[in-house]
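Colleague: Before I ask anything, here is the structure I am working with.
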Amino acid sequence: FAMALPRIRELRSVHNGAVTPLFPFSVFSYNILADMYAPYQTHCEREFLAWDYRKQRILHEITSYSPDVLALQEVDHFADLNEVLKEQYKGVLLPRPEWHADGCAIFFKEHRFKLVHQDNVLFDALKCHPFVLQHPHMAFRVGTNNVALVLTLYDVEAKVNLLVVCAHLFWNPEFCDVKALQACFLLQRVQQLLEEHDASAVVFCGDLNSMPTSAVYELISAGLLRTTHPDIRSFRLPEFCHLLNLQSAFSLATPKEPMTNLTPNFCGCLDYIWYSRLKLVPLSLLEPLLQTDPAPHLVVSYPTPATALTTSA
């Protein structure tokens with residue numbers, strides 16, 4: 001069978017010209033589907049799920065966009081990707097624990113960024129969370145083997161540290177409480193790392209398995225886990241807040257978050273790129289997704305030196 005290459009979408013400007021763009025960099029993120037989950041995609045022909053077929057399409061997209069930072073979830077063929085990307089990129093993989101064969105990976109262009117620190121977030125550590133210890137039945141629920149990779153990168157052009165997050169939260173829609181706890185756990189760690197490494201900004205990528213109406217989305221965007229949210233109201237989770245001031249990239253340009261996941265039974269947004277709204281200025285976004293397109297892509301820029309990376313864009 002012939003391999004149809006994915007459509008290369010156009011970048012659409014979202015920059016209002018209020019600040020002068022300096023040191024722009026691009027970010028690309030999506031879930032590339034681990035082999036162990038491919039059999040569940042029964043709506044897709046088997047030959048199109050084969051890794052040898054998908055690998056060429058994935059690498060075609062990556063090399064066509066040539067992002068400065070690449071965040072991938074469900075990576076189980078890291079060596080294959082790294083073999084092609086290693087000439088330009090440094091790749092870091094965090095495998096999921098125990099029996100899972102996939103993990104989260106971040107690639108970054110070595111001429112632009114240098115690795116300062118790697119932080120491995122294992123969500124099974126929630127078994128020792130005070131709330132879980134007080135509610136023993138939660139120990140089983142939080143044992144999902146999900147992970148998030150957080151890299152502190154030194155931007156050699158802007159001469160600042162940048163935190164890049166690649167996260168994959170639990171998939172099950174019946175576990176809204178677990179996903180909320182995972183998001184709290186991760187955001188708390190990101191906030192700590194931001195201070196520890198004197199980072200100027202955060203770019204938060206991932207498959208959050210959470211709709212824009214979810215408690216997870218509200219937590220990340222509003223900075224507060226509202227215990228009365230319908231997702232978690234019956235679970236009596238502790239209140240949590242963060243001060244990261246994150247903005248979803250596509251919420252700037254579209255009336256609602258675009259489709260990133262499509263099956264015969266579901267069409268909606270589960271994948272996101274968030275950025276520090278007080279520190280980074282979005283310049284452009286890819287045009288809306290079609291059925292064959294990947295998840296979000298974002299180009300951002302640091303504000304002018306006069307803003308000292310602290311004032312709103």
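Chains: A, B, ... in order of the structure tokens. Residues: from 1 per chain. Ligands: from 1, in order shown.
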Could you name the residues that touch Ala148 (chain A) at 7 Å or less, counting only C-alpha atoms, but leaving out those on the same chain fewer than 6 positions away, as a CSV table (one decimal) with N, CA, C and O atoms, in the first residue's frame?

Modeller:
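Result written to part.csv:
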```csv
chain,number,residue,atom,x,y,z
A,104,CYS,N,7.1,9.1,28.4
A,104,CYS,CA,7.1,10.5,27.9
A,104,CYS,C,8.5,10.9,27.4
A,104,CYS,O,9.5,10.5,28.1
A,120,ASN,N,11.9,13.5,37.1
A,120,ASN,CA,11.0,12.4,36.8
A,120,ASN,C,9.8,12.4,37.7
A,120,ASN,O,10.0,12.1,38.9
A,121,VAL,N,8.7,12.7,37.3
A,121,VAL,CA,7.5,12.7,38.1
A,121,VAL,C,6.7,11.3,37.9
A,121,VAL,O,6.2,11.1,36.8
A,122,LEU,N,6.7,10.5,38.9
A,122,LEU,CA,6.0,9.2,38.9
A,122,LEU,C,4.7,9.4,39.7
A,122,LEU,O,4.8,9.5,41.0
A,166,CYS,N,6.3,17.5,29.9
A,166,CYS,CA,5.6,16.6,29.0
A,166,CYS,C,4.9,15.6,29.9
A,166,CYS,O,5.5,14.8,30.6
A,167,ALA,N,3.6,15.6,29.9
A,167,ALA,CA,2.8,14.9,30.9
A,167,ALA,C,1.8,14.0,30.2
A,167,ALA,O,1.3,14.3,29.1
A,168,HIS,N,1.5,12.8,30.8
A,168,HIS,CA,0.4,11.9,30.3
A,168,HIS,C,-0.4,11.5,31.6
A,168,HIS,O,0.1,10.7,32.4
```

Colleague: Return as a count of residues only the full set of residues in region 52-283 of chain A whose backbone-based DSSP assignment is helix (DSSP H, G or I).

Modeller: 73

Colleague: Pick from A:Arg226, A:His137, A:Gln247, A:Thr63: nearest to Val281 (chain A), with only C-alpha atoms counted?

Modeller: A:Gln247

Colleague: Quick one: residues within 10 Å of His197 (chain A), only C-alpha atoms counted, chain neighbours fewer than 4 positions away excluded, as a list in words?

Modeller: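 Listing them by chain and then by number gives Val116, His117, Thr152, Leu153, Asn161, Leu162, Leu163, Gln192 and Leu193 of chain A.
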
Colleague: Keeping only C-alpha atoms, write those residues as a PDB file, in the first residue's frame.

Modeller:
```pdb
ATOM      1  CA  VAL A 116      20.249  21.807  33.155  1.00  0.00           C
ATOM      2  CA  HIS A 117      18.102  19.345  35.101  1.00  0.00           C
ATOM      3  CA  THR A 152      14.981  22.584  32.908  1.00  0.00           C
ATOM      4  CA  LEU A 153      16.575  23.911  29.729  1.00  0.00           C
ATOM      5  CA  ASN A 161      16.154  28.839  32.101  1.00  0.00           C
ATOM      6  CA  LEU A 162      12.927  27.390  30.706  1.00  0.00           C
ATOM      7  CA  LEU A 163      10.860  24.571  32.232  1.00  0.00           C
ATOM      8  CA  GLN A 192       8.994  24.036  43.144  1.00  0.00           C
ATOM      9  CA  LEU A 193      11.324  23.519  40.171  1.00  0.00           C
TER      10      LEU A 193
END
```

Colleague: Would you mind reading off the distance between CA of Leu126 (chain A) and CA of Val142 (chain A), one decimal, in Å?

Modeller: 6.4 Å

Colleague: For region 227-244 of chain A, find every residue with an atom within 10 Å (counting only C-alpha atoms), except residues of its own chain fewer than 6 positions away, and show them as an mmCIF file with C-alpha atoms, in the first residue's frame.

Modeller:
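Result saved to around.cif:
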```cif
data_model
loop_
_atom_site.group_PDB
_atom_site.id
_atom_site.type_symbol
_atom_site.label_atom_id
_atom_site.label_comp_id
_atom_site.auth_asym_id
_atom_site.auth_seq_id
_atom_site.Cartn_x
_atom_site.Cartn_y
_atom_site.Cartn_z
ATOM 1 C CA PRO A 130 -1.623 12.618 52.851
ATOM 2 C CA PHE A 131 -5.118 12.532 51.326
ATOM 3 C CA VAL A 132 -4.584 8.998 49.991
ATOM 4 C CA PRO A 173 -13.050 8.950 32.401
ATOM 5 C CA GLU A 174 -14.337 7.310 35.592
ATOM 6 C CA PHE A 175 -11.165 8.409 37.430
ATOM 7 C CA CYS A 176 -11.642 12.189 37.396
ATOM 8 C CA ASP A 177 -10.473 12.353 41.007
ATOM 9 C CA VAL A 178 -7.215 10.582 40.157
ATOM 10 C CA LYS A 179 -6.518 12.868 37.202
ATOM 11 C CA ALA A 180 -7.162 15.906 39.404
ATOM 12 C CA LEU A 181 -4.749 14.588 42.036
ATOM 13 C CA CYS A 184 -2.116 18.869 41.536
ATOM 14 C CA PHE A 185 0.935 16.716 42.235
ATOM 15 C CA LEU A 187 1.785 21.461 39.247
ATOM 16 C CA GLN A 188 3.148 21.555 42.780
ATOM 17 C CA VAL A 190 6.638 22.375 38.604
ATOM 18 C CA GLN A 191 6.172 25.335 40.934
ATOM 19 C CA LEU A 194 10.533 26.964 38.824
ATOM 20 C CA ALA A 201 8.819 30.489 32.188
ATOM 21 C CA VAL A 202 6.979 27.187 31.792
ATOM 22 C CA THR A 213 -14.971 21.320 30.984
ATOM 23 C CA SER A 214 -12.960 19.149 33.386
ATOM 24 C CA ALA A 215 -11.627 19.915 36.845
ATOM 25 C CA VAL A 216 -8.100 19.349 35.497
ATOM 26 C CA GLU A 218 -10.040 24.454 35.332
ATOM 27 C CA LEU A 219 -7.214 23.781 37.783
ATOM 28 C CA ILE A 220 -4.479 24.487 35.252
ATOM 29 C CA SER A 221 -6.107 27.552 33.718
ATOM 30 C CA TYR A 275 2.520 28.529 28.580
ATOM 31 C CA SER A 276 3.383 31.164 31.196
ATOM 32 C CA ARG A 277 1.027 33.951 30.202
ATOM 33 C CA LEU A 278 3.046 36.590 32.065
#
```

Colleague: So which residues touch Phe107 (chain A) within 6 Å, counting only C-alpha atoms, skipping near sequence neighbours fewer than 6 positions away, as a list in words?

Modeller: Val69, Leu70, Tyr89, Lys90 and Gly91 of chain A

Colleague: Just list as a VMD selection string whatever in region 44-109 of chain A DSSP marks as strand (DSSP E or B).

Modeller: chain A and resid 69 to 75 89 to 95 103 to 109

Colleague: Store the residues picked out above in a file with C-alpha atoms, as a PDB file, in the first residue's frame.

Modeller:
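Below is the file that was written, again10.pdb:
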```pdb
ATOM      1  CA  VAL A  69      11.172  21.627  21.420  1.00  0.00           C
ATOM      2  CA  LEU A  70       9.292  18.382  20.867  1.00  0.00           C
ATOM      3  CA  ALA A  71       7.153  16.706  23.560  1.00  0.00           C
ATOM      4  CA  LEU A  72       5.812  13.214  22.879  1.00  0.00           C
ATOM      5  CA  GLN A  73       3.639  10.837  24.876  1.00  0.00           C
ATOM      6  CA  GLU A  74       3.253   7.040  24.558  1.00  0.00           C
ATOM      7  CA  VAL A  75       6.783   6.703  23.206  1.00  0.00           C
ATOM      8  CA  TYR A  89      18.164  17.097  18.878  1.00  0.00           C
ATOM      9  CA  LYS A  90      19.000  15.841  22.309  1.00  0.00           C
ATOM     10  CA  GLY A  91      16.327  13.365  23.421  1.00  0.00           C
ATOM     11  CA  VAL A  92      15.313  12.398  26.957  1.00  0.00           C
ATOM     12  CA  LEU A  93      12.915   9.511  27.702  1.00  0.00           C
ATOM     13  CA  LEU A  94      11.075   8.723  30.934  1.00  0.00           C
ATOM     14  CA  PRO A  95       9.573   5.210  30.656  1.00  0.00           C
ATOM     15  CA  GLY A 103       6.764   6.741  28.300  1.00  0.00           C
ATOM     16  CA  CYS A 104       7.116  10.495  27.879  1.00  0.00           C
ATOM     17  CA  ALA A 105       9.945  11.996  25.841  1.00  0.00           C
ATOM     18  CA  ILE A 106      11.253  15.491  25.183  1.00  0.00           C
ATOM     19  CA  PHE A 107      13.575  16.375  22.312  1.00  0.00           C
ATOM     20  CA  PHE A 108      15.220  19.791  22.067  1.00  0.00           C
ATOM     21  CA  LYS A 109      17.589  21.366  19.572  1.00  0.00           C
TER      22      LYS A 109
END
```

Colleague: Given the choices A:Arg12, A:His60, A:Thr20, A:Asp102, which gets closest to Ala34 (chain A) if the distance is worked out from only C-alpha atoms?

Modeller: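 Selected residue with least distance to Ala34 (chain A): A:Asp102.
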